[in-house]
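Asker: You'll find entry06.cif just under this line, and it carries mmCIF, N, CA and C atoms.
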data_structure
loop_
_atom_site.label_atom_id
_atom_site.label_comp_id
_atom_site.auth_asym_id
_atom_site.auth_seq_id
_atom_site.Cartn_x
_atom_site.Cartn_y
_atom_site.Cartn_z
N MET U 16 -108.37 -174.52 70.22
CA MET U 16 -108.01 -174.75 68.85
C MET U 16 -106.59 -174.23 68.64
N SER U 17 -105.73 -175.08 68.15
CA SER U 17 -104.34 -174.67 67.97
C SER U 17 -104.12 -174.14 66.55
N GLN U 18 -103.23 -173.18 66.49
CA GLN U 18 -102.89 -172.63 65.18
C GLN U 18 -101.74 -173.42 64.60
N THR U 19 -101.82 -173.68 63.35
CA THR U 19 -100.70 -174.34 62.69
C THR U 19 -99.76 -173.27 62.18
N SER U 20 -98.50 -173.47 62.42
CA SER U 20 -97.54 -172.47 61.94
C SER U 20 -97.33 -172.70 60.46
N ARG U 21 -97.38 -171.63 59.75
CA ARG U 21 -97.24 -171.66 58.31
C ARG U 21 -95.78 -171.48 57.95
N LYS U 22 -95.25 -172.40 57.14
CA LYS U 22 -93.88 -172.26 56.67
C LYS U 22 -93.83 -171.18 55.59
N PRO U 23 -92.82 -170.33 55.64
CA PRO U 23 -92.73 -169.30 54.59
C PRO U 23 -92.43 -169.96 53.24
N ASP U 24 -93.09 -169.48 52.20
CA ASP U 24 -92.81 -170.03 50.89
C ASP U 24 -91.48 -169.47 50.37
N ARG U 25 -91.03 -170.01 49.28
CA ARG U 25 -89.71 -169.62 48.75
C ARG U 25 -89.62 -168.15 48.38
N ARG U 26 -90.70 -167.63 47.79
CA ARG U 26 -90.68 -166.22 47.41
C ARG U 26 -90.57 -165.32 48.64
N GLU U 27 -91.30 -165.67 49.68
CA GLU U 27 -91.24 -164.88 50.92
C GLU U 27 -89.85 -164.97 51.54
N SER U 28 -89.26 -166.14 51.56
CA SER U 28 -87.91 -166.31 52.09
C SER U 28 -86.90 -165.52 51.28
N ARG U 29 -87.08 -165.53 49.98
CA ARG U 29 -86.18 -164.79 49.09
C ARG U 29 -86.28 -163.29 49.34
N ARG U 30 -87.51 -162.80 49.48
CA ARG U 30 -87.71 -161.37 49.76
C ARG U 30 -87.08 -160.97 51.09
N ARG U 31 -87.25 -161.82 52.07
CA ARG U 31 -86.67 -161.55 53.39
C ARG U 31 -85.13 -161.50 53.31
N ALA U 32 -84.55 -162.44 52.59
CA ALA U 32 -83.10 -162.48 52.43
C ALA U 32 -82.61 -161.24 51.66
N GLU U 33 -83.38 -160.84 50.65
CA GLU U 33 -83.02 -159.64 49.89
C GLU U 33 -83.05 -158.39 50.76
N ARG U 34 -84.09 -158.27 51.58
CA ARG U 34 -84.17 -157.12 52.50
C ARG U 34 -83.01 -157.12 53.48
N ARG U 35 -82.68 -158.29 54.02
CA ARG U 35 -81.56 -158.40 54.96
C ARG U 35 -80.25 -158.02 54.27
N GLY U 36 -80.10 -158.44 53.01
CA GLY U 36 -78.90 -158.11 52.24
C GLY U 36 -78.78 -156.62 51.99
N HIS U 37 -79.88 -155.99 51.60
CA HIS U 37 -79.86 -154.54 51.36
C HIS U 37 -79.56 -153.78 52.64
N TRP U 38 -80.18 -154.19 53.73
CA TRP U 38 -79.92 -153.55 55.02
C TRP U 38 -78.44 -153.69 55.39
N SER U 39 -77.88 -154.85 55.16
CA SER U 39 -76.46 -155.09 55.47
C SER U 39 -75.57 -154.21 54.62
N GLU U 40 -75.93 -154.02 53.35
CA GLU U 40 -75.14 -153.15 52.47
C GLU U 40 -75.18 -151.70 52.95
N TYR U 41 -76.35 -151.23 53.35
CA TYR U 41 -76.46 -149.87 53.88
C TYR U 41 -75.64 -149.71 55.17
N LEU U 42 -75.71 -150.70 56.02
CA LEU U 42 -74.95 -150.67 57.27
C LEU U 42 -73.45 -150.66 56.98
N ALA U 43 -73.02 -151.50 56.04
CA ALA U 43 -71.60 -151.54 55.65
C ALA U 43 -71.17 -150.21 55.06
N ALA U 44 -72.03 -149.60 54.24
CA ALA U 44 -71.70 -148.30 53.63
C ALA U 44 -71.53 -147.24 54.71
N ALA U 45 -72.44 -147.21 55.67
CA ALA U 45 -72.34 -146.23 56.77
C ALA U 45 -71.06 -146.46 57.57
N PHE U 46 -70.74 -147.71 57.82
CA PHE U 46 -69.53 -148.06 58.56
C PHE U 46 -68.29 -147.56 57.81
N LEU U 47 -68.25 -147.78 56.50
CA LEU U 47 -67.09 -147.35 55.72
C LEU U 47 -67.02 -145.83 55.62
N LEU U 48 -68.16 -145.15 55.58
CA LEU U 48 -68.17 -143.69 55.63
C LEU U 48 -67.50 -143.19 56.91
N LEU U 49 -67.82 -143.84 58.02
CA LEU U 49 -67.22 -143.47 59.30
C LEU U 49 -65.70 -143.69 59.30
N LYS U 50 -65.24 -144.63 58.49
CA LYS U 50 -63.80 -144.90 58.38
C LYS U 50 -63.11 -143.98 57.38
N GLY U 51 -63.85 -143.05 56.79
CA GLY U 51 -63.25 -142.07 55.89
C GLY U 51 -63.35 -142.38 54.41
N TYR U 52 -64.09 -143.39 54.03
CA TYR U 52 -64.27 -143.72 52.62
C TYR U 52 -65.41 -142.90 52.02
N ARG U 53 -65.34 -142.69 50.72
CA ARG U 53 -66.45 -142.11 49.96
C ARG U 53 -67.13 -143.24 49.21
N ILE U 54 -68.43 -143.20 49.16
CA ILE U 54 -69.19 -144.23 48.44
C ILE U 54 -69.30 -143.79 46.98
N LEU U 55 -68.77 -144.59 46.08
CA LEU U 55 -68.85 -144.30 44.65
C LEU U 55 -69.97 -145.09 43.98
N GLY U 56 -70.31 -146.23 44.57
CA GLY U 56 -71.35 -147.06 43.97
C GLY U 56 -71.96 -148.00 44.98
N LEU U 57 -73.24 -148.22 44.82
CA LEU U 57 -73.98 -149.17 45.66
C LEU U 57 -74.75 -150.09 44.73
N ARG U 58 -74.50 -151.37 44.84
CA ARG U 58 -75.12 -152.39 43.98
C ARG U 58 -74.90 -152.06 42.49
N TYR U 59 -73.65 -151.87 42.13
CA TYR U 59 -73.26 -151.57 40.76
C TYR U 59 -73.43 -152.83 39.91
N LYS U 60 -74.27 -152.74 38.88
CA LYS U 60 -74.61 -153.92 38.08
C LYS U 60 -74.06 -153.82 36.67
N THR U 61 -73.54 -154.95 36.20
CA THR U 61 -73.10 -155.09 34.82
C THR U 61 -73.62 -156.45 34.34
N ARG U 62 -73.42 -156.73 33.07
CA ARG U 62 -73.80 -158.05 32.56
C ARG U 62 -73.03 -159.16 33.27
N GLY U 63 -71.80 -158.86 33.59
CA GLY U 63 -70.92 -159.86 34.20
C GLY U 63 -71.17 -160.10 35.67
N GLY U 64 -71.85 -159.18 36.34
CA GLY U 64 -72.08 -159.36 37.76
C GLY U 64 -72.41 -158.07 38.47
N GLU U 65 -72.40 -158.14 39.78
CA GLU U 65 -72.76 -157.00 40.62
C GLU U 65 -71.71 -156.82 41.70
N ILE U 66 -71.44 -155.56 42.01
CA ILE U 66 -70.54 -155.22 43.11
C ILE U 66 -71.40 -154.54 44.17
N ASP U 67 -71.33 -155.05 45.41
CA ASP U 67 -72.16 -154.50 46.47
C ASP U 67 -71.83 -153.03 46.74
N LEU U 68 -70.55 -152.74 46.95
CA LEU U 68 -70.12 -151.37 47.23
C LEU U 68 -68.82 -151.06 46.49
N ILE U 69 -68.74 -149.84 46.00
CA ILE U 69 -67.48 -149.33 45.48
C ILE U 69 -67.15 -148.11 46.31
N VAL U 70 -66.01 -148.14 46.98
CA VAL U 70 -65.64 -147.05 47.88
C VAL U 70 -64.24 -146.55 47.53
N ARG U 71 -63.99 -145.31 47.94
CA ARG U 71 -62.68 -144.71 47.64
C ARG U 71 -62.17 -143.95 48.85
N LYS U 72 -60.87 -144.08 49.06
CA LYS U 72 -60.15 -143.30 50.07
C LYS U 72 -58.83 -142.92 49.43
N ARG U 73 -58.65 -141.63 49.21
CA ARG U 73 -57.50 -141.11 48.47
C ARG U 73 -57.43 -141.77 47.09
N ASP U 74 -56.33 -142.43 46.76
CA ASP U 74 -56.23 -143.03 45.42
C ASP U 74 -56.53 -144.53 45.42
N VAL U 75 -57.08 -145.04 46.52
CA VAL U 75 -57.44 -146.46 46.61
C VAL U 75 -58.94 -146.62 46.40
N VAL U 76 -59.28 -147.47 45.44
CA VAL U 76 -60.67 -147.83 45.22
C VAL U 76 -60.84 -149.28 45.63
N ALA U 77 -61.81 -149.51 46.50
CA ALA U 77 -62.08 -150.87 46.98
C ALA U 77 -63.44 -151.33 46.45
N PHE U 78 -63.44 -152.52 45.89
CA PHE U 78 -64.67 -153.17 45.46
C PHE U 78 -65.03 -154.13 46.58
N VAL U 79 -66.18 -153.88 47.20
CA VAL U 79 -66.50 -154.54 48.47
C VAL U 79 -67.67 -155.50 48.31
N GLU U 80 -67.46 -156.71 48.77
CA GLU U 80 -68.54 -157.69 48.87
C GLU U 80 -69.01 -157.69 50.32
N VAL U 81 -70.30 -157.54 50.52
CA VAL U 81 -70.88 -157.49 51.86
C VAL U 81 -71.58 -158.82 52.12
N LYS U 82 -71.27 -159.43 53.26
CA LYS U 82 -71.90 -160.69 53.63
C LYS U 82 -72.45 -160.59 55.05
N ALA U 83 -73.71 -160.96 55.20
CA ALA U 83 -74.35 -161.00 56.52
C ALA U 83 -74.53 -162.47 56.90
N ARG U 84 -73.91 -162.85 57.97
CA ARG U 84 -74.03 -164.23 58.46
C ARG U 84 -73.99 -164.19 59.99
N ARG U 85 -74.29 -165.28 60.59
CA ARG U 85 -74.23 -165.39 62.06
C ARG U 85 -72.81 -165.63 62.54
N ILE U 86 -72.00 -166.25 61.69
CA ILE U 86 -70.62 -166.61 62.06
C ILE U 86 -69.66 -166.01 61.04
N GLU U 87 -68.63 -165.35 61.52
CA GLU U 87 -67.69 -164.63 60.68
C GLU U 87 -67.07 -165.51 59.59
N ASN U 88 -66.59 -166.68 59.96
CA ASN U 88 -65.92 -167.56 58.99
C ASN U 88 -66.87 -167.98 57.87
N LEU U 89 -68.13 -168.19 58.20
CA LEU U 89 -69.10 -168.57 57.16
C LEU U 89 -69.29 -167.44 56.16
N ALA U 90 -69.24 -166.21 56.64
CA ALA U 90 -69.39 -165.05 55.75
C ALA U 90 -68.19 -164.96 54.80
N ILE U 91 -67.01 -165.11 55.33
CA ILE U 91 -65.80 -165.02 54.51
C ILE U 91 -65.77 -166.16 53.50
N ASP U 92 -66.10 -167.36 53.95
CA ASP U 92 -66.10 -168.52 53.06
C ASP U 92 -67.17 -168.43 51.97
N ALA U 93 -68.19 -167.62 52.19
CA ALA U 93 -69.26 -167.46 51.20
C ALA U 93 -68.81 -166.68 49.98
N VAL U 94 -67.67 -166.03 50.07
CA VAL U 94 -67.13 -165.29 48.92
C VAL U 94 -66.18 -166.24 48.18
N GLY U 95 -66.77 -167.14 47.42
CA GLY U 95 -66.01 -168.16 46.72
C GLY U 95 -65.43 -167.68 45.40
N TYR U 96 -64.85 -168.62 44.69
CA TYR U 96 -64.16 -168.31 43.44
C TYR U 96 -65.10 -167.66 42.42
N GLU U 97 -66.30 -168.19 42.25
CA GLU U 97 -67.24 -167.64 41.27
C GLU U 97 -67.62 -166.19 41.62
N THR U 98 -67.84 -165.93 42.90
CA THR U 98 -68.17 -164.58 43.35
C THR U 98 -67.00 -163.64 43.07
N GLN U 99 -65.81 -164.08 43.38
CA GLN U 99 -64.62 -163.26 43.14
C GLN U 99 -64.45 -162.97 41.65
N LYS U 100 -64.68 -163.97 40.81
CA LYS U 100 -64.56 -163.80 39.37
C LYS U 100 -65.59 -162.78 38.86
N ARG U 101 -66.81 -162.86 39.38
CA ARG U 101 -67.88 -161.94 39.00
C ARG U 101 -67.52 -160.51 39.39
N ILE U 102 -66.98 -160.32 40.59
CA ILE U 102 -66.61 -158.99 41.06
C ILE U 102 -65.44 -158.43 40.25
N HIS U 103 -64.45 -159.27 39.95
CA HIS U 103 -63.32 -158.82 39.13
C HIS U 103 -63.80 -158.38 37.75
N SER U 104 -64.71 -159.13 37.17
CA SER U 104 -65.24 -158.78 35.86
C SER U 104 -65.98 -157.44 35.90
N ALA U 105 -66.85 -157.28 36.87
CA ALA U 105 -67.62 -156.03 37.00
C ALA U 105 -66.71 -154.85 37.31
N SER U 106 -65.67 -155.08 38.11
CA SER U 106 -64.76 -153.98 38.45
C SER U 106 -63.98 -153.52 37.22
N GLY U 107 -63.63 -154.45 36.35
CA GLY U 107 -62.95 -154.08 35.11
C GLY U 107 -63.83 -153.19 34.24
N GLN U 108 -65.11 -153.51 34.19
CA GLN U 108 -66.04 -152.68 33.41
C GLN U 108 -66.20 -151.30 34.04
N TRP U 109 -66.29 -151.27 35.37
CA TRP U 109 -66.42 -149.98 36.07
C TRP U 109 -65.17 -149.13 35.80
N LEU U 110 -64.02 -149.76 35.92
CA LEU U 110 -62.74 -149.06 35.76
C LEU U 110 -62.57 -148.52 34.34
N SER U 111 -63.04 -149.26 33.36
CA SER U 111 -62.88 -148.83 31.96
C SER U 111 -63.67 -147.56 31.66
N ARG U 112 -64.63 -147.23 32.49
CA ARG U 112 -65.45 -146.02 32.29
C ARG U 112 -64.90 -144.80 33.05
N ARG U 113 -63.79 -144.98 33.74
CA ARG U 113 -63.21 -143.90 34.54
C ARG U 113 -62.04 -143.26 33.79
N ARG U 114 -62.03 -141.95 33.74
CA ARG U 114 -60.91 -141.25 33.12
C ARG U 114 -59.64 -141.37 33.96
N ASP U 115 -59.82 -141.39 35.28
CA ASP U 115 -58.66 -141.45 36.18
C ASP U 115 -58.31 -142.88 36.59
N GLY U 116 -58.83 -143.85 35.88
CA GLY U 116 -58.63 -145.26 36.24
C GLY U 116 -57.18 -145.68 36.32
N HIS U 117 -56.34 -145.14 35.48
CA HIS U 117 -54.92 -145.51 35.46
C HIS U 117 -54.18 -145.03 36.72
N ARG U 118 -54.73 -144.06 37.43
CA ARG U 118 -54.07 -143.52 38.63
C ARG U 118 -54.51 -144.22 39.91
N LEU U 119 -55.52 -145.06 39.82
CA LEU U 119 -56.11 -145.65 41.02
C LEU U 119 -55.44 -146.98 41.39
N THR U 120 -55.37 -147.21 42.68
CA THR U 120 -54.94 -148.50 43.21
C THR U 120 -56.21 -149.28 43.54
N LEU U 121 -56.28 -150.51 43.06
CA LEU U 121 -57.49 -151.32 43.26
C LEU U 121 -57.31 -152.31 44.39
N ARG U 122 -58.42 -152.56 45.06
CA ARG U 122 -58.40 -153.51 46.17
C ARG U 122 -59.76 -154.20 46.21
N TYR U 123 -59.77 -155.43 46.67
CA TYR U 123 -61.01 -156.20 46.79
C TYR U 123 -61.18 -156.59 48.25
N ASP U 124 -62.24 -156.04 48.85
CA ASP U 124 -62.48 -156.19 50.29
C ASP U 124 -63.76 -156.97 50.56
N ILE U 125 -63.88 -157.41 51.80
CA ILE U 125 -65.11 -158.02 52.30
C ILE U 125 -65.50 -157.29 53.57
N VAL U 126 -66.78 -156.98 53.70
CA VAL U 126 -67.31 -156.47 54.97
C VAL U 126 -68.31 -157.50 55.46
N VAL U 127 -68.06 -157.97 56.68
CA VAL U 127 -68.92 -158.98 57.29
C VAL U 127 -69.83 -158.28 58.30
N VAL U 128 -71.13 -158.53 58.15
CA VAL U 128 -72.12 -157.97 59.07
C VAL U 128 -72.62 -159.11 59.94
N LEU U 129 -72.33 -159.00 61.23
CA LEU U 129 -72.73 -160.01 62.21
C LEU U 129 -73.83 -159.46 63.10
N PRO U 130 -74.73 -160.30 63.56
CA PRO U 130 -75.84 -159.80 64.41
C PRO U 130 -75.32 -159.16 65.70
N GLY U 131 -75.81 -157.96 65.99
CA GLY U 131 -75.52 -157.30 67.25
C GLY U 131 -74.10 -156.79 67.41
N ARG U 132 -73.34 -156.74 66.32
CA ARG U 132 -71.95 -156.28 66.40
C ARG U 132 -71.67 -155.30 65.28
N PHE U 133 -70.61 -154.52 65.44
CA PHE U 133 -70.17 -153.64 64.36
C PHE U 133 -69.69 -154.50 63.20
N PRO U 134 -69.84 -154.01 61.98
CA PRO U 134 -69.31 -154.76 60.84
C PRO U 134 -67.79 -154.90 60.94
N LYS U 135 -67.26 -155.94 60.31
CA LYS U 135 -65.81 -156.16 60.26
C LYS U 135 -65.35 -155.99 58.82
N HIS U 136 -64.30 -155.22 58.66
CA HIS U 136 -63.77 -154.89 57.34
C HIS U 136 -62.48 -155.66 57.10
N PHE U 137 -62.47 -156.50 56.08
CA PHE U 137 -61.29 -157.27 55.70
C PHE U 137 -60.75 -156.68 54.40
N GLN U 138 -59.64 -155.94 54.52
CA GLN U 138 -59.06 -155.29 53.35
C GLN U 138 -58.23 -156.29 52.55
N ASP U 139 -58.24 -156.09 51.23
CA ASP U 139 -57.45 -156.92 50.34
C ASP U 139 -57.72 -158.41 50.56
N ALA U 140 -59.00 -158.76 50.66
CA ALA U 140 -59.41 -160.11 51.03
C ALA U 140 -59.23 -161.13 49.90
N PHE U 141 -59.28 -160.64 48.66
CA PHE U 141 -59.09 -161.56 47.53
C PHE U 141 -58.54 -160.84 46.32
#
Give the structure from this file in structure tokens form.

Answerer:
Amino acid sequence: MSQTSRKPDRRESRRRAERRGHWSEYLAAAFLLLKGYRILGLRYKTRGGEIDLIVRKRDVVAFVEVKARRIENLAIDAVGYETQKRIHSASGQWLSRRRDGHRLTLRYDIVVVLPGRFPKHFQDAF
């Protein structure tokens, strides 16, 4: 008697993708810690959007989008105009709540998480 393989339903696929995304964010955060950054925020949410990571090194604050893909170019291309707009909006809200915001240099980065490899950090990506 053969078993029929069951296709995962949409909710199960969504949960799996969410877990993979969270794992990738933690991996990216650990990677950036090793590079000397401090983690200021993880999955920072506002009405306008969400920022995966907010990190700081000296007076530079980077708002980081983390993408996990099999191919590097696909990960970078996945950070489209709408995503960039959402991150810029959320970063403005985050910055408005900081007393030292006027002294900070802002940057928008991407960290790509590829299977079986160290994450790749693209500074000033957008």

Asker: Could you put an axis-aligned box around every listed atom of region 127-137 of chain U, padded by 8 Å on each side, and send me its centre and edge lengths in Å to one decimal, as AutoDock Vina command-line options?

Answerer:
--center_x -68.3 --center_y -157.0 --center_z 60.9 --size_x 31.1 --size_y 22.7 --size_z 29.0

Asker: Mind giving me the straight-line distance from atom N of Gln138 (chain U) to atom N of Ile125 (chain U) in Å, one decimal?

Answerer: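 Here the two named atoms are 5.2 Å from each other.
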
Asker: Between CA of Arg58 (chain U) and CA of Glu40 (chain U), measure the distance and give it in Å to one decimal.

Answerer: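 Computing the Euclidean distance for CA of Arg58 (chain U) and CA of Glu40 (chain U) yields 8.5 Å.
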
Asker: What gap, in Å, lies between atom C of Arg26 (chain U) and atom C of Ile69 (chain U)?

Answerer: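 Separation of atom C of Arg26 (chain U) and atom C of Ile69 (chain U): 29.2 Å.
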
Asker: Using DSSP secondary structure from the backbone, list all helix (DSSP H, G or I) positions within chain U, as a PyMOL selection string.

Answerer: chain U and resi 25-49+87-92+96-111+116-118

Asker: How would you write, as a PyMOL selection string, the residues chosen by the PyMOL selection byres (((chain U and resi 57 and name CA) around 12) and name CA) on this structure?

Answerer: chain U and resi 37-45+53-56+58-60+65-70+78-81

Asker: Which residue out of U:Arg25, U:Lys100, U:Arg84, U:Arg71 has the minimum interatomic distance to Gly51 (chain U) when all atoms listed in the file are used?

Answerer: U:Arg71

Asker: Which is closest to Tyr123 (chain U) among U:Ser28, U:Asn88, U:Thr61, U:Gln99, if we use only C-alpha atoms?

Answerer: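 Going through U:Ser28, U:Asn88, U:Thr61, U:Gln99 one by one, the smallest distance to Tyr123 (chain U) is for U:Gln99.
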
Asker: Tell me which of U:Thr98, U:Ser106, U:Thr120, U:Ser111 sits closest to Asp74 (chain U), counting all atoms listed in the file.

Answerer: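 Answer, going by the shortest atom-to-atom distance: U:Thr120.
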
Asker: Hey, what does DSSP flag as strand (DSSP E or B) within region 37-74 of chain U? Can you give it to me as JSON, numbers by chain?

Answerer: {"U": [53, 54, 55, 56, 57, 58, 59, 60, 65, 66, 67, 68, 69, 70, 71, 72]}

Asker: Find the residue from U:Val75, U:Arg29, U:Val128, U:Pro134 that sits nearest to Ala90 (chain U); use all atoms listed in the file when measuring.

Answerer: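 Ranked by minimum distance to Ala90 (chain U), first place goes to U:Val128.
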
Asker: Between U:Arg30, U:Leu129, U:Phe46, U:Trp109, single out the one closest to Glu87 (chain U), counting only C-alpha atoms.

Answerer: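 Of U:Arg30, U:Leu129, U:Phe46, U:Trp109, the one nearest Glu87 (chain U) is U:Leu129, counting only C-alpha atoms.
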
Asker: Pick the closest to Ala140 (chain U) from U:Asp124, U:Asp92, U:Glu97, U:Asp115: which is it, counting only N, CA and C atoms?

Answerer: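 That would be U:Asp124, the residue with the smallest distance to Ala140 (chain U).
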